[in-house]
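Asks: My structure is in start-v5.txt, and what it holds is compact mmCIF, C-alpha atoms and all ligand atoms:
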```txt
# COMPACT_ATOMS: atom_id res chain seq x y z
CA MET A 1 -6.45 -2.39 18.83
CA PRO A 2 -6.84 -5.01 16.11
CA THR A 3 -10.08 -4.80 14.18
CA THR A 4 -12.24 -7.80 13.30
CA LEU A 5 -13.74 -8.33 9.86
CA SER A 6 -15.27 -11.57 8.58
CA GLN A 7 -16.53 -10.19 5.32
CA SER A 8 -15.80 -6.90 3.64
CA ASN A 9 -18.60 -4.67 2.43
CA LEU A 10 -17.61 -1.92 0.02
CA PRO A 11 -20.69 -0.69 -1.84
CA GLY A 12 -19.92 0.72 -5.25
CA LEU A 13 -16.87 -1.47 -5.82
CA GLU A 14 -17.08 -4.53 -8.01
CA LEU A 15 -16.40 -7.69 -5.98
CA ILE A 16 -14.72 -10.12 -8.35
CA HIS A 17 -13.66 -12.86 -5.93
CA ARG A 18 -14.31 -13.97 -2.39
CA GLY A 19 -11.50 -16.41 -1.55
CA LYS A 20 -11.12 -18.35 1.64
CA VAL A 21 -9.38 -15.38 3.23
CA ARG A 22 -9.33 -12.45 0.79
CA ASP A 23 -12.06 -10.37 -0.81
CA VAL A 24 -10.88 -9.01 -4.16
CA TYR A 25 -12.38 -5.92 -5.82
CA ALA A 26 -11.71 -4.47 -9.26
CA LEU A 27 -10.47 -0.88 -9.42
CA PRO A 28 -10.23 1.28 -12.52
CA GLY A 29 -6.90 1.26 -14.32
CA ASN A 30 -6.42 -2.50 -14.27
CA ARG A 31 -5.92 -2.51 -10.52
CA LEU A 32 -7.29 -4.52 -7.60
CA LEU A 33 -8.22 -3.77 -4.02
CA ILE A 34 -7.41 -6.89 -1.99
CA VAL A 35 -8.86 -7.08 1.51
CA ALA A 36 -7.54 -9.74 3.87
CA THR A 37 -10.38 -10.66 6.21
CA ASP A 38 -10.11 -12.49 9.53
CA ARG A 39 -11.60 -15.67 8.13
CA LEU A 40 -9.72 -18.76 9.17
CA SER A 41 -9.56 -21.80 6.96
CA ALA A 42 -8.29 -25.17 8.09
CA PHE A 43 -8.06 -28.24 5.90
CA ASP A 44 -9.42 -25.96 3.13
CA VAL A 45 -12.69 -25.28 4.97
CA VAL A 46 -13.53 -21.77 6.21
CA LEU A 47 -14.42 -21.96 9.91
CA PRO A 48 -17.33 -19.97 11.35
CA ASP A 49 -15.20 -18.04 13.87
CA PRO A 50 -12.85 -15.26 12.70
CA ILE A 51 -9.44 -14.67 14.30
CA PRO A 52 -9.45 -10.98 15.36
CA GLY A 53 -6.78 -8.99 13.53
CA LYS A 54 -5.54 -11.96 11.50
CA GLY A 55 -6.10 -10.22 8.16
CA GLU A 56 -4.19 -7.20 9.45
CA MET A 57 -1.30 -9.36 10.59
CA LEU A 58 -1.21 -11.27 7.29
CA THR A 59 -1.22 -8.05 5.30
CA GLN A 60 1.52 -6.49 7.42
CA ILE A 61 3.71 -9.60 7.14
CA SER A 62 3.20 -9.72 3.36
CA ASN A 63 3.91 -6.01 2.95
CA PHE A 64 7.07 -6.39 5.01
CA TRP A 65 8.38 -9.18 2.79
CA PHE A 66 7.26 -7.54 -0.47
CA ALA A 67 9.39 -4.53 0.49
CA LYS A 68 12.31 -6.65 1.64
CA THR A 69 12.44 -8.74 -1.55
CA ALA A 70 11.63 -6.04 -4.12
CA HIS A 71 15.29 -6.04 -5.18
CA LEU A 72 14.95 -9.72 -6.17
CA VAL A 73 11.53 -9.85 -7.84
CA PRO A 74 9.02 -7.05 -8.60
CA ASN A 75 5.70 -7.42 -6.75
CA HIS A 76 2.08 -6.53 -7.34
CA LEU A 77 1.81 -3.72 -4.76
CA LEU A 78 0.97 -0.20 -5.94
CA ASP A 79 1.68 2.83 -3.82
CA VAL A 80 -1.85 4.25 -3.75
CA PRO A 81 -3.45 5.70 -0.59
CA LEU A 82 -6.45 3.60 0.45
CA ALA A 83 -8.46 6.73 1.12
CA ASP A 84 -8.30 7.45 -2.62
CA VAL A 85 -9.97 4.18 -3.62
CA LEU A 86 -12.33 3.19 -0.78
CA PRO A 87 -15.97 4.26 -1.24
CA PRO A 88 -16.86 7.51 0.54
CA GLY A 89 -17.95 6.86 4.12
CA THR A 90 -15.91 3.69 4.55
CA ASP A 91 -14.51 3.10 8.06
CA LEU A 92 -10.87 3.67 7.10
CA ALA A 93 -9.55 2.19 10.36
CA LEU A 94 -11.22 -1.13 9.58
CA TYR A 95 -9.42 -1.43 6.24
CA ALA A 96 -6.21 0.55 6.73
CA ARG A 97 -4.01 -2.36 7.81
CA ARG A 98 -5.69 -5.18 5.91
CA ALA A 99 -6.19 -3.82 2.39
CA VAL A 100 -3.76 -3.19 -0.45
CA VAL A 101 -4.00 -1.74 -3.94
CA THR A 102 -2.27 -3.91 -6.51
CA ARG A 103 -1.72 -4.40 -10.20
CA ARG A 104 -4.33 -6.71 -11.69
CA LEU A 105 -2.28 -9.54 -13.14
CA LYS A 106 -2.87 -12.66 -15.16
CA PRO A 107 -2.18 -15.46 -12.68
CA VAL A 108 0.40 -18.07 -13.58
CA PRO A 109 -1.73 -21.17 -12.97
CA VAL A 110 0.52 -22.91 -10.43
CA GLU A 111 1.37 -22.65 -6.77
CA ALA A 112 5.09 -21.92 -6.76
CA ILE A 113 6.53 -23.76 -3.79
CA ALA A 114 10.10 -23.85 -2.58
CA ARG A 115 11.20 -26.37 0.02
CA GLY A 116 14.39 -26.43 2.03
CA TYR A 117 13.23 -29.22 4.34
CA LEU A 118 11.41 -32.50 3.91
CA ILE A 119 8.00 -32.08 5.53
CA GLY A 120 4.29 -32.16 4.76
CA SER A 121 3.33 -33.39 1.30
CA GLY A 122 7.02 -33.37 0.32
CA TRP A 123 7.78 -35.88 3.05
CA LYS A 124 4.75 -37.94 2.05
CA ASP A 125 5.80 -38.06 -1.61
CA TYR A 126 9.40 -38.85 -0.68
CA GLN A 127 8.32 -41.79 1.47
CA ALA A 128 6.22 -43.15 -1.38
CA THR A 129 8.58 -42.53 -4.31
CA GLY A 130 11.98 -41.26 -3.13
CA ALA A 131 11.27 -38.06 -5.04
CA VAL A 132 9.29 -34.83 -4.72
CA CYS A 133 7.65 -33.42 -7.86
CA GLY A 134 9.88 -35.67 -9.94
CA ILE A 135 13.08 -34.45 -8.24
CA ALA A 136 14.96 -37.52 -7.01
CA LEU A 137 16.42 -37.06 -3.52
CA PRO A 138 19.14 -38.95 -1.66
CA ALA A 139 18.01 -42.15 0.07
CA GLY A 140 17.61 -42.33 3.83
CA LEU A 141 16.39 -38.79 4.52
CA GLN A 142 14.32 -38.35 7.65
CA GLN A 143 11.19 -36.32 8.31
CA ALA A 144 11.97 -32.57 8.60
CA GLN A 145 15.55 -33.09 7.44
CA GLN A 146 17.18 -30.23 5.57
CA LEU A 147 17.56 -30.92 1.85
CA PRO A 148 20.98 -30.76 0.17
CA GLU A 149 19.68 -27.61 -1.53
CA PRO A 150 16.29 -25.92 -1.81
CA ILE A 151 14.02 -27.38 -4.50
CA PHE A 152 11.14 -26.00 -6.56
CA THR A 153 8.09 -28.19 -6.01
CA PRO A 154 5.11 -26.69 -7.85
CA SER A 155 1.52 -27.74 -7.36
CA THR A 156 -1.60 -27.14 -9.38
CA LYS A 157 -4.22 -24.76 -8.05
CA ALA A 158 -7.15 -26.96 -7.14
CA ALA A 159 -10.74 -25.97 -7.85
CA VAL A 160 -12.80 -24.87 -4.83
CA GLY A 161 -13.08 -27.69 -2.29
CA ASP A 162 -10.23 -29.70 -3.75
CA HIS A 163 -6.67 -30.02 -2.47
CA ASP A 164 -3.66 -28.88 -4.45
CA GLU A 165 -1.63 -31.56 -6.18
CA ASN A 166 2.15 -31.67 -6.54
CA VAL A 167 3.31 -31.70 -10.16
CA SER A 168 6.61 -31.95 -12.01
CA PHE A 169 8.46 -29.00 -13.49
CA ASP A 170 7.56 -30.34 -16.94
CA ALA A 171 3.90 -29.95 -16.08
CA VAL A 172 4.55 -26.26 -15.33
CA VAL A 173 6.31 -25.91 -18.69
CA LYS A 174 3.22 -27.36 -20.36
CA LEU A 175 0.92 -24.95 -18.51
CA ALA A 176 2.97 -21.76 -18.74
CA GLY A 177 5.65 -22.27 -21.40
CA ARG A 178 9.36 -22.88 -20.88
CA GLU A 179 10.42 -19.26 -20.53
CA LEU A 180 7.83 -18.35 -17.90
CA ALA A 181 8.30 -21.65 -16.06
CA ASP A 182 12.04 -21.00 -15.77
CA LYS A 183 11.41 -17.47 -14.51
CA VAL A 184 8.88 -18.62 -11.91
CA ARG A 185 11.21 -21.33 -10.62
CA ASP A 186 14.20 -19.00 -10.42
CA ALA A 187 12.19 -16.25 -8.71
CA THR A 188 10.69 -18.72 -6.22
CA LEU A 189 14.06 -20.14 -5.24
CA ALA A 190 15.67 -16.69 -5.05
CA ILE A 191 12.95 -15.43 -2.71
CA TYR A 192 13.07 -18.60 -0.61
CA ARG A 193 16.85 -18.47 -0.18
CA TRP A 194 16.82 -14.81 0.74
CA ALA A 195 13.93 -15.11 3.18
CA ALA A 196 15.30 -18.29 4.77
CA ALA A 197 18.60 -16.56 5.48
CA PHE A 198 16.78 -13.53 6.90
CA ALA A 199 14.60 -15.69 9.15
CA ALA A 200 17.57 -17.77 10.29
CA GLU A 201 19.15 -14.64 11.77
CA ARG A 202 16.02 -14.31 13.90
CA GLY A 203 16.11 -17.88 15.16
CA ILE A 204 13.43 -19.07 12.76
CA ILE A 205 13.66 -21.79 10.13
CA LEU A 206 11.70 -21.19 6.93
CA ALA A 207 10.98 -24.80 6.00
CA ASP A 208 8.99 -24.06 2.86
CA THR A 209 6.84 -21.42 1.24
CA LYS A 210 4.19 -21.07 -1.43
CA LEU A 211 4.20 -18.09 -3.78
CA GLU A 212 1.85 -16.94 -6.50
CA PHE A 213 2.94 -15.10 -9.62
CA GLY A 214 1.23 -13.17 -12.38
CA THR A 215 2.14 -11.33 -15.55
CA ASP A 216 1.09 -7.92 -16.90
CA GLU A 217 0.25 -7.04 -20.52
CA ASP A 218 3.95 -6.77 -21.33
CA GLY A 219 4.62 -10.24 -19.96
CA THR A 220 6.56 -8.91 -16.98
CA LEU A 221 6.48 -11.34 -14.06
CA TYR A 222 5.40 -10.16 -10.60
CA VAL A 223 5.01 -11.97 -7.32
CA MET A 224 1.42 -11.41 -6.11
CA ASP A 225 -1.21 -12.48 -3.56
CA GLU A 226 0.39 -12.96 -0.12
CA MET A 227 4.03 -13.44 0.66
CA LEU A 228 5.82 -15.46 3.31
CA THR A 229 2.93 -15.38 5.77
CA PRO A 230 2.29 -18.14 8.32
CA ASP A 231 -0.61 -19.19 6.05
CA SER A 232 1.63 -19.72 3.03
CA SER A 233 4.83 -20.83 4.76
CA ARG A 234 6.10 -23.21 7.39
CA TYR A 235 8.09 -21.37 10.01
CA TRP A 236 9.75 -23.34 12.79
CA PRO A 237 11.32 -21.87 15.91
CA ALA A 238 14.92 -23.03 15.44
CA ASP A 239 15.29 -24.04 19.09
CA GLN A 240 12.46 -26.56 18.77
CA TYR A 241 13.67 -28.09 15.53
CA ARG A 242 14.87 -31.66 15.24
CA VAL A 243 14.71 -34.31 12.55
CA GLY A 244 12.36 -37.27 12.79
CA ILE A 245 9.36 -35.23 14.00
CA SER A 246 7.07 -32.60 12.55
CA PRO A 247 8.39 -29.52 14.42
CA PRO A 248 5.84 -27.07 15.85
CA SER A 249 5.18 -24.18 13.48
CA TYR A 250 3.87 -20.61 13.54
CA ASP A 251 0.69 -21.36 11.78
CA LYS A 252 -2.66 -22.96 12.28
CA GLN A 253 -1.27 -25.90 14.22
CA PHE A 254 -3.25 -24.78 17.26
CA VAL A 255 -6.49 -24.98 15.36
CA ARG A 256 -5.54 -28.12 13.49
CA ASP A 257 -4.67 -29.90 16.73
CA TYR A 258 -8.00 -28.85 18.21
CA LEU A 259 -9.91 -29.99 15.13
CA GLU A 260 -8.13 -33.34 15.18
CA SER A 261 -8.91 -33.72 18.89
CA ILE A 262 -12.66 -33.36 18.35
CA GLY A 263 -12.62 -35.78 15.42
CA TRP A 264 -14.14 -33.36 12.90
CA ASN A 265 -14.43 -35.06 9.49
CA LYS A 266 -12.85 -32.07 7.65
CA THR A 267 -15.85 -31.45 5.45
CA PRO A 268 -18.08 -28.34 5.65
CA PRO A 269 -19.51 -26.94 7.78
CA GLY A 270 -16.52 -26.34 10.05
CA PRO A 271 -17.15 -26.46 13.81
CA ARG A 272 -17.13 -23.51 16.23
CA ILE A 273 -13.77 -22.90 17.89
CA PRO A 274 -13.38 -22.35 21.67
CA ALA A 275 -12.22 -18.90 22.82
CA GLU A 276 -8.86 -20.18 24.07
CA VAL A 277 -8.06 -21.75 20.70
CA ILE A 278 -8.96 -18.48 18.98
CA ALA A 279 -6.73 -16.55 21.41
CA GLY A 280 -3.89 -19.04 20.96
CA THR A 281 -4.09 -18.77 17.19
CA GLU A 282 -4.18 -14.97 17.34
CA ALA A 283 -1.08 -15.04 19.55
CA LYS A 284 0.78 -17.28 17.08
CA TYR A 285 0.18 -14.86 14.21
CA ALA A 286 1.20 -11.92 16.40
CA GLU A 287 4.38 -13.73 17.42
CA ALA A 288 5.30 -14.45 13.80
CA LEU A 289 4.77 -10.80 12.88
CA GLN A 290 6.83 -9.63 15.84
CA ARG A 291 9.69 -12.07 15.47
CA LEU A 292 10.07 -11.76 11.71
CA ALA A 293 9.18 -8.17 11.00
CA GLY A 294 9.59 -6.59 14.43
CA ILE A 295 6.05 -5.25 14.14
CA THR A 296 3.53 -5.22 16.99
CA LEU A 297 -0.06 -4.33 16.11
CA ALA A 298 -0.99 -2.81 19.44
N1 LIG A 301 -2.27 -9.04 -8.17
C1 LIG A 301 -3.17 -9.99 -8.41
N2 LIG A 301 -3.76 -10.11 -9.63
C2 LIG A 301 -4.71 -11.06 -9.86
N3 LIG A 301 -5.13 -11.95 -8.93
C3 LIG A 301 -4.57 -11.90 -7.70
C4 LIG A 301 -3.57 -10.93 -7.38
N4 LIG A 301 -3.19 -11.11 -6.09
C5 LIG A 301 -3.93 -12.15 -5.63
N5 LIG A 301 -4.76 -12.64 -6.57
C6 LIG A 301 -5.75 -13.72 -6.41
O1 LIG A 301 -6.70 -13.28 -5.45
C7 LIG A 301 -7.21 -14.38 -4.67
C8 LIG A 301 -6.98 -14.12 -3.19
O2 LIG A 301 -7.93 -14.83 -2.44
P1 LIG A 301 -7.55 -15.91 -1.34
O3 LIG A 301 -6.10 -15.85 -0.99
O4 LIG A 301 -8.52 -15.79 -0.24
O5 LIG A 301 -7.83 -17.17 -2.21
P2 LIG A 301 -7.59 -18.67 -1.73
O6 LIG A 301 -8.49 -19.03 -0.64
O7 LIG A 301 -6.14 -18.87 -1.53
O8 LIG A 301 -8.04 -19.46 -3.01
P3 LIG A 301 -9.49 -19.42 -3.63
O9 LIG A 301 -9.48 -18.22 -4.52
O10 LIG A 301 -9.55 -20.66 -4.43
O11 LIG A 301 -10.48 -19.38 -2.52
C9 LIG A 301 -6.46 -15.61 -5.16
O12 LIG A 301 -7.25 -16.28 -6.11
C10 LIG A 301 -5.20 -15.02 -5.84
O13 LIG A 301 -4.68 -15.84 -6.83
MG MG A 302 -4.67 -17.55 -1.10
```
Once more with this new file: its structure as structure tokens, please.
Ligand SMILES: Nc1ncnc2c1ncn2[C@@H]1O[C@H](COP(=O)(O)OP(=O)(O)OP(=O)(O)O)[C@@H](O)[C@H]1O
Ligand SMILES: [Mg+2]

Replies:
Amino acid sequence: MPTTLSQSNLPGLELIHRGKVRDVYALPGNRLLIVATDRLSAFDVVLPDPIPGKGEMLTQISNFWFAKTAHLVPNHLLDVPLADVLPPGTDLALYARRAVVTRRLKPVPVEAIARGYLIGSGWKDYQATGAVCGIALPAGLQQAQQLPEPIFTPSTKAAVGDHDENVSFDAVVKLAGRELADKVRDATLAIYRWAAAFAAERGIILADTKLEFGTDEDGTLYVMDEMLTPDSSRYWPADQYRVGISPPSYDKQFVRDYLESIGWNKTPPGPRIPAEVIAGTEAKYAEALQRLAGITLA
């Protein structure tokens, strides 16, 4: 059975960050304990109702992809049993599938996004300027059309409550230095290409994905945070894909559609979500996990 957890509570551990989804604790030895909760955010607002098991599904999808892509780019995961780091008396079952022990890295201050298709903010920017993040694209492309080749379209990490903003590669060079910027771009595109090919064999299009990177004391680059989850990526069932529309995706579309239908103004507090929308969202995450990784969290 999936467990439900809106907020972690691990007395004795130092909570250093409560994100929209993840609670992050410091561990000795320059390590972190990252707990993916079942909090659901939409339009950057955390909604009052959790999605049961969502944090478990996100963690299992990430772990699957971290393992699959380790030959391309090293990742932040450390192979440490949770029982060794959780405070005595913790309900292990509640955390077993949603928590990971990682290296504590210095974040590269950009969202590293790769796009193979023209959708979302990429489509918006293209319509306005003919380019995405300063990369000029051929004229006459349609919504959701596949790009001639995947592109690196970084964005800045917005402060709490703000939305991320697309920036040029030069802006990344200014923030991180040329060498690191090159490495982040190459790693992002390598992971995207590999994952898109893997998903394609399972009848799924990986339209785009957002990665986060960090460096250790030696300057080694690792991919961190979450990886290729429905929260960080646009997955489209290939059989429902066509250009000129925004194809349905394995993510929060269910919730977003509901929120649009009730005319919520997208500012906090978020509204309560009906049970059938919660169940529908849960099913979408489960389907993504099953179709991509072949994992069922029964
Ligand atoms: N290995 C790591 N080392 C350092 N920081 C990490 C590592 N892995 C993830 N993080 C950070 O931990 C946090 C995870 O929290 P979460 O994903 O919920 O945040 P978010 O909602 O995306 O953004 P915000 O932190 O602004 O709320 C992110 O700030 C992420 O950058
Ligand atoms: Mg995040």

Asks: Grab the CA of Glu56 (chain A) to CA of Leu297 (chain A) distance for me, in Å with one decimal place.

Replies: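 Separating CA of Glu56 (chain A) from CA of Leu297 (chain A) is a distance of 8.3 Å.
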
Asks: From the options A:Ala112, A:Ala190, A:Met224, A:Leu72, which residue's atoms come nearest to ligand LIG 301 (chain A), counting only C-alpha atoms and all ligand atoms?

Replies: A:Met224

Asks: Please compute the CA of Gly263 (chain A)-CA of Tyr235 (chain A) distance, one decimal, in Å.

Replies: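 Separation of CA of Gly263 (chain A) and CA of Tyr235 (chain A): 25.8 Å.
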
Asks: What are the closest atom pairs, with distances in Å to one decimal, for each residue of chain A lying within 7 Å of ligand LIG 301 (chain A), using all atoms listed in the file, rows by chain and rising residue number, as CSV?

Replies:
```
residue,atom,partner,partner_atom,distance
A:His17,CA,A:LIG301,C7,6.7
A:Arg18,CA,A:LIG301,O2,6.4
A:Gly19,CA,A:LIG301,O11,3.3
A:Lys20,CA,A:LIG301,O6,3.5
A:Val21,CA,A:LIG301,O4,3.6
A:Arg22,CA,A:LIG301,O4,3.6
A:Asp23,CA,A:LIG301,O2,6.3
A:Val24,CA,A:LIG301,O1,6.1
A:Leu32,CA,A:LIG301,N1,6.8
A:His76,CA,A:LIG301,N1,5.1
A:Thr102,CA,A:LIG301,N1,5.4
A:Arg103,CA,A:LIG301,N1,5.1
A:Arg104,CA,A:LIG301,N2,4.0
A:Leu105,CA,A:LIG301,N2,3.9
A:Lys106,CA,A:LIG301,C2,5.8
A:Pro107,CA,A:LIG301,C2,5.8
A:Ala159,CA,A:LIG301,O10,6.4
A:Val160,CA,A:LIG301,O10,5.3
A:Glu212,CA,A:LIG301,O13,6.6
A:Gly214,CA,A:LIG301,N2,6.5
A:Met224,CA,A:LIG301,N4,4.6
A:Asp225,CA,A:LIG301,C5,3.4
```

Asks: Between A:Val85, A:Asp208, A:Arg97, A:Tyr285, which has the minimum distance to Pro28 (chain A) (counting all atoms listed in the file)?

Replies: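 Comparing A:Val85, A:Asp208, A:Arg97, A:Tyr285 against Pro28 (chain A), the winner is A:Val85.
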
Asks: List all protein, DNA and RNA residues that have any atom at most 12 Å from ligand MG 302 (chain A), counting only C-alpha atoms and all ligand atoms, and write the list as a ChimeraX atom specification.

Replies: /A:17-24,34-37,39-41,44,55,58-59,62,110-111,157-158,160,164,210-213,224-233

Asks: Residues around (4.4, -7.3, 19.4), cut-off 12 Å, counting all atoms listed in the file - what are they as JSON, numbers by chain?

Replies: {"A": [1, 2, 57, 282, 283, 284, 285, 286, 287, 288, 289, 290, 291, 292, 293, 294, 295, 296, 297, 298]}

Asks: Enumerate, as a VMD selection string, the protein, DNA and RNA residues whose atoms approach (-9.8, -31.9, 12.1) to within 12 Å, taking into account all atoms listed in the file and the coordinate frame of the file.

Replies: chain A and resid 41 to 45 47 252 to 273

Asks: Each residue of region 99-162 of chain A with at least one atom at most 8 Å from region 185-189 of chain A should appear once, together with its nearest atom pair and the corresponding distance in Å (one decimal); atoms considered: all atoms listed in the file; ordering: chain, then increasing residue number; output as a tab-separated table.

Replies:
```
residue	atom	partner	partner_atom	distance
A:Ala112	CA	A:Thr188	CA	6.5
A:Ile113	CA	A:Thr188	CA	7.0
A:Ala114	CA	A:Leu189	CA	6.0
A:Pro150	CA	A:Leu189	CA	7.1
A:Ile151	CA	A:Leu189	CA	7.3
A:Phe152	CA	A:Arg185	CA	6.2
```

Asks: My list of candidates is A:Arg98, A:Asp49, A:Leu10, A:Leu27. Which is closest to Ile61 (chain A) when distances are computed with all atoms listed in the file?

Replies: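 Smallest distance to Ile61 (chain A) is found for A:Arg98.
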
Asks: Of the candidates A:Pro248, A:Pro74, A:Pro52, A:Pro237, which shows the shortest atom-to-atom distance to Ile205 (chain A), using only C-alpha atoms?

Replies: A:Pro237

Asks: With all atoms listed in the file as the atoms that count, which of A:Ala238, A:Val108, A:Ala195, A:Leu33 lies nearest to Asp79 (chain A)?

Replies: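 Ranked by minimum distance to Asp79 (chain A), first place goes to A:Leu33.
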
Asks: Please compute the CA of Pro154 (chain A)-CA of Ala128 (chain A) distance, one decimal, in Å.

Replies: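 Separating CA of Pro154 (chain A) from CA of Ala128 (chain A) is a distance of 17.7 Å.
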
Asks: Closest to Pro87 (chain A) among A:Leu13, A:Val46, A:Ala70, A:Ile51, using all atoms listed in the file?

Replies: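 Comparing A:Leu13, A:Val46, A:Ala70, A:Ile51 against Pro87 (chain A), the winner is A:Leu13.
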
Asks: How big is the axis-aligned box around the listed atoms of region 52-60 of chain A once 5 Å is added on each side, and where is its centre? Give both in Å to one decimal, as lines of an AutoDock Vina configuration file.

Replies:
```
center_x = -4.0
center_y = -9.2
center_z = 10.3
size_x = 21.0
size_y = 15.5
size_z = 20.1
```

Asks: Do a neighbour search on Cys133 (chain A) at 10 Å with only C-alpha atoms, toss out local chain neighbours closer than 6 positions, and write the hits as a CSV table (one decimal) with C-alpha atoms, keeping the file's coordinate frame.

Replies:
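Written file, around.csv:
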```csv
chain,number,residue,atom,x,y,z
A,122,GLY,CA,7.0,-33.4,0.3
A,125,ASP,CA,5.8,-38.1,-1.6
A,126,TYR,CA,9.4,-38.8,-0.7
A,151,ILE,CA,14.0,-27.4,-4.5
A,152,PHE,CA,11.1,-26.0,-6.6
A,153,THR,CA,8.1,-28.2,-6.0
A,154,PRO,CA,5.1,-26.7,-7.8
A,155,SER,CA,1.5,-27.7,-7.4
A,165,GLU,CA,-1.6,-31.6,-6.2
A,166,ASN,CA,2.2,-31.7,-6.5
A,167,VAL,CA,3.3,-31.7,-10.2
A,168,SER,CA,6.6,-32.0,-12.0
A,169,PHE,CA,8.5,-29.0,-13.5
A,170,ASP,CA,7.6,-30.3,-16.9
A,171,ALA,CA,3.9,-30.0,-16.1
```

Asks: How would region 178-194 of chain A read, as a compact mmCIF listing (two decimals), in the frame of the given file, once N, CA and C atoms are built in?

Replies:
```
# COMPACT_ATOMS: atom_id res chain seq x y z
N ARG A 178 8.01 -22.68 -21.45
CA ARG A 178 9.36 -22.88 -20.88
C ARG A 178 9.93 -21.61 -20.26
N GLU A 179 9.78 -20.50 -20.98
CA GLU A 179 10.42 -19.26 -20.53
C GLU A 179 9.83 -18.80 -19.19
N LEU A 180 8.50 -18.79 -19.12
CA LEU A 180 7.83 -18.35 -17.90
C LEU A 180 8.09 -19.35 -16.76
N ALA A 181 8.06 -20.63 -17.09
CA ALA A 181 8.30 -21.65 -16.06
C ALA A 181 9.68 -21.47 -15.43
N ASP A 182 10.68 -21.23 -16.28
CA ASP A 182 12.04 -21.00 -15.77
C ASP A 182 12.07 -19.78 -14.85
N LYS A 183 11.41 -18.71 -15.30
CA LYS A 183 11.41 -17.47 -14.51
C LYS A 183 10.75 -17.67 -13.15
N VAL A 184 9.62 -18.40 -13.16
CA VAL A 184 8.88 -18.62 -11.91
C VAL A 184 9.73 -19.46 -10.94
N ARG A 185 10.36 -20.49 -11.48
CA ARG A 185 11.21 -21.33 -10.62
C ARG A 185 12.37 -20.52 -10.04
N ASP A 186 13.05 -19.76 -10.89
CA ASP A 186 14.20 -19.00 -10.42
C ASP A 186 13.79 -17.95 -9.38
N ALA A 187 12.66 -17.27 -9.64
CA ALA A 187 12.19 -16.25 -8.71
C ALA A 187 11.80 -16.89 -7.38
N THR A 188 11.13 -18.04 -7.44
CA THR A 188 10.69 -18.72 -6.22
C THR A 188 11.89 -19.12 -5.36
N LEU A 189 12.89 -19.70 -6.00
CA LEU A 189 14.06 -20.14 -5.24
C LEU A 189 14.86 -18.95 -4.72
N ALA A 190 14.94 -17.88 -5.51
CA ALA A 190 15.67 -16.69 -5.05
C ALA A 190 15.00 -16.09 -3.82
N ILE A 191 13.68 -15.99 -3.86
CA ILE A 191 12.95 -15.43 -2.71
C ILE A 191 13.10 -16.36 -1.50
N TYR A 192 12.94 -17.66 -1.74
CA TYR A 192 13.07 -18.60 -0.61
C TYR A 192 14.45 -18.48 0.06
N ARG A 193 15.49 -18.52 -0.76
CA ARG A 193 16.85 -18.47 -0.18
C ARG A 193 17.05 -17.19 0.63
N TRP A 194 16.60 -16.08 0.07
CA TRP A 194 16.82 -14.81 0.74
C TRP A 194 16.04 -14.77 2.05
```
